[in-house]
Amino acid sequence: ARAALGLDARVPVIAVLGRISDWKGQDVLVRALAESPLRERGALALIAGEAWPGPREHTAGVLAVASRVGVSERVRMIGFRDDVETVLGAADVIVVPSTAPDPLPGSAIEAAAAGCAVVASATGGLPEIIRDRETGRLVAPGDPRALARAAAELLDDPAERERLGAAASLDVRERFSERLLLEEVQGLYDSLLAGVG
């Protein structure tokens, strides 16, 4: 996967997937790169997604933050990707650093289902998807130092990444499966129809 993206196999990679916006937290990941835990490890941020819909200044803003904190050479913006599995496969850690409540981020569910180690903000629906130290790591939203610390701990511990990824995959596949969704929707319809009759 790394070869397909032109990434060095020896460099730790932290990826974020999703629309680039002022509240999805791509800038938090970029600032986390400048914190000592990730700076010392030479970690690289892989940012997959476009600033859509709307203006492109969010992308420019992320790049400006990277320049300001001195990590431009460690940020790769690869735009929208159809091959999400390539991005997930290239990353050591996936982050979902939303700074505002995100109801049910698909990127967190996809990464967890794929068995990736996920570090997410403890806001919105993310604590429903990721349980801290059971199926991933949760950190305070908008806190680059906390994000850097949690990501660095996982970079240093492949066994823990594997454990969390396996637990997350099993958990998400059970709780967010298409079968379960259809059963719950059918149950809702049945209860509504029973109330009408």
# chains A, B, ... in the order shown; residues from 1 in each chain; ligands from 1
$ residues_around --residues "stretch 100-113 of chain A" --least-positions-apart "3" --cutoff "6 Å" --atoms "only C-alpha atoms" --output "PyMOL selection string"
chain A and resi 23+116+123-125+168-169+172
$ write_last_selection --atoms "N, CA, C and O atoms" --output "PDB file, in the first residue's frame"
ATOM      1  N   TRP A  23     -13.557  21.867  10.920  1.00  0.00           N
ATOM      2  CA  TRP A  23     -13.884  21.143  12.156  1.00  0.00           C
ATOM      3  C   TRP A  23     -13.585  19.649  12.095  1.00  0.00           C
ATOM      4  O   TRP A  23     -13.791  18.933  13.061  1.00  0.00           O
ATOM      5  N   CYS A 116      -7.894  -1.339  11.784  1.00  0.00           N
ATOM      6  CA  CYS A 116      -6.856  -0.334  12.026  1.00  0.00           C
ATOM      7  C   CYS A 116      -6.902   0.147  13.474  1.00  0.00           C
ATOM      8  O   CYS A 116      -7.952   0.146  14.111  1.00  0.00           O
ATOM      9  N   THR A 123     -15.706  13.170  21.195  1.00  0.00           N
ATOM     10  CA  THR A 123     -16.792  14.112  20.969  1.00  0.00           C
ATOM     11  C   THR A 123     -17.788  13.518  19.992  1.00  0.00           C
ATOM     12  O   THR A 123     -17.440  12.625  19.207  1.00  0.00           O
ATOM     13  N   GLY A 124     -19.018  14.004  20.017  1.00  0.00           N
ATOM     14  CA  GLY A 124     -20.043  13.546  19.093  1.00  0.00           C
ATOM     15  C   GLY A 124     -20.274  12.049  19.195  1.00  0.00           C
ATOM     16  O   GLY A 124     -20.326  11.482  20.296  1.00  0.00           O
ATOM     17  N   GLY A 125     -20.399  11.402  18.042  1.00  0.00           N
ATOM     18  CA  GLY A 125     -20.659   9.969  18.020  1.00  0.00           C
ATOM     19  C   GLY A 125     -19.421   9.109  18.121  1.00  0.00           C
ATOM     20  O   GLY A 125     -19.528   7.876  18.176  1.00  0.00           O
ATOM     21  N   ALA A 168     -11.557  -3.694  17.545  1.00  0.00           N
ATOM     22  CA  ALA A 168     -12.412  -2.716  16.869  1.00  0.00           C
ATOM     23  C   ALA A 168     -13.134  -3.349  15.690  1.00  0.00           C
ATOM     24  O   ALA A 168     -14.328  -3.113  15.472  1.00  0.00           O
ATOM     25  N   SER A 169     -12.424  -4.162  14.922  1.00  0.00           N
ATOM     26  CA  SER A 169     -13.028  -4.803  13.761  1.00  0.00           C
ATOM     27  C   SER A 169     -14.191  -5.702  14.169  1.00  0.00           C
ATOM     28  O   SER A 169     -15.283  -5.634  13.597  1.00  0.00           O
ATOM     29  N   VAL A 172     -17.161  -3.396  15.647  1.00  0.00           N
ATOM     30  CA  VAL A 172     -17.881  -2.610  14.646  1.00  0.00           C
ATOM     31  C   VAL A 172     -18.673  -3.507  13.706  1.00  0.00           C
ATOM     32  O   VAL A 172     -19.808  -3.190  13.332  1.00  0.00           O
TER      33      VAL A 172
END
$ residues_around --residues "stretch 68-75 of chain A" --least-positions-apart "6" --cutoff "7 Å" --atoms "only C-alpha atoms" --output "MDAnalysis selection string"
chainID A and resid 31 33:34 44:46
$ select_by_dssp --residues "stretch 121-187 of chain A" --states "strand (DSSP E or B)" --output "list of chain:residue names"
A:Ser121, A:Asp132, A:Gly136, A:Arg137, A:Leu138, A:Val139
$ atom_distance --atom1 "atom CA of A:Leu88" --atom2 "atom CA of A:Glu40"
23.2 Å
$ residues_around --residues "A:Leu5" --least-positions-apart "5" --cutoff "12 Å" --atoms "only C-alpha atoms" --output "list in words"
Val13, Leu46, Ile47, Ala48, Arg76, Met77, Ile78, Gly79, Arg81, Asp83, Val84, Glu85, Thr86, Val87, Leu88, Gly89, Ala90 and Ala91 of chain A
$ select_by_dssp --residues "stretch 88-145 of chain A" --states "helix (DSSP H, G or I)" --output "PyMOL selection string"
chain A and resi 88-90+106-113+126-129+144-145
$ residues_around --residues "A:Thr59" --least-positions-apart "6" --cutoff "8 Å" --atoms "only C-alpha atoms" --output "ChimeraX atom specification"
/A:20-21,50-51
$ write_last_selection --atoms "all heavy atoms" --output "PDB file, in the first residue's frame"
ATOM      1  N   ILE A  20     -12.052  17.755   3.952  1.00  0.00           N
ATOM      2  CA  ILE A  20     -11.216  18.739   4.642  1.00  0.00           C
ATOM      3  C   ILE A  20     -12.083  19.937   5.002  1.00  0.00           C
ATOM      4  O   ILE A  20     -12.702  20.552   4.138  1.00  0.00           O
ATOM      5  CB  ILE A  20     -10.027  19.164   3.757  1.00  0.00           C
ATOM      6  CG1 ILE A  20      -9.144  17.952   3.469  1.00  0.00           C
ATOM      7  CG2 ILE A  20      -9.219  20.270   4.432  1.00  0.00           C
ATOM      8  CD1 ILE A  20      -8.049  18.205   2.455  1.00  0.00           C
ATOM      9  N   SER A  21     -12.162  20.215   6.288  1.00  0.00           N
ATOM     10  CA  SER A  21     -12.982  21.336   6.750  1.00  0.00           C
ATOM     11  C   SER A  21     -12.363  21.909   8.014  1.00  0.00           C
ATOM     12  O   SER A  21     -11.399  21.368   8.552  1.00  0.00           O
ATOM     13  CB  SER A  21     -14.419  20.879   7.033  1.00  0.00           C
ATOM     14  OG  SER A  21     -14.476  20.148   8.238  1.00  0.00           O
ATOM     15  N   GLU A  50     -10.906  15.852   0.063  1.00  0.00           N
ATOM     16  CA  GLU A  50     -10.989  17.139  -0.617  1.00  0.00           C
ATOM     17  C   GLU A  50     -11.799  18.106   0.220  1.00  0.00           C
ATOM     18  O   GLU A  50     -12.620  17.699   1.034  1.00  0.00           O
ATOM     19  CB  GLU A  50     -11.669  16.993  -1.992  1.00  0.00           C
ATOM     20  CG  GLU A  50     -10.901  16.151  -2.988  1.00  0.00           C
ATOM     21  CD  GLU A  50      -9.698  16.873  -3.570  1.00  0.00           C
ATOM     22  OE1 GLU A  50      -9.523  18.077  -3.303  1.00  0.00           O
ATOM     23  OE2 GLU A  50      -8.922  16.217  -4.286  1.00  0.00           O
ATOM     24  N   ALA A  51     -11.583  19.387  -0.012  1.00  0.00           N
ATOM     25  CA  ALA A  51     -12.396  20.427   0.631  1.00  0.00           C
ATOM     26  C   ALA A  51     -13.654  20.601  -0.206  1.00  0.00           C
ATOM     27  O   ALA A  51     -13.745  21.478  -1.057  1.00  0.00           O
ATOM     28  CB  ALA A  51     -11.624  21.734   0.720  1.00  0.00           C
TER      29      ALA A  51
END
$ atom_distance --atom1 "atom CA of A:Asp92" --atom2 "atom CA of A:Ile14"
6.0 Å
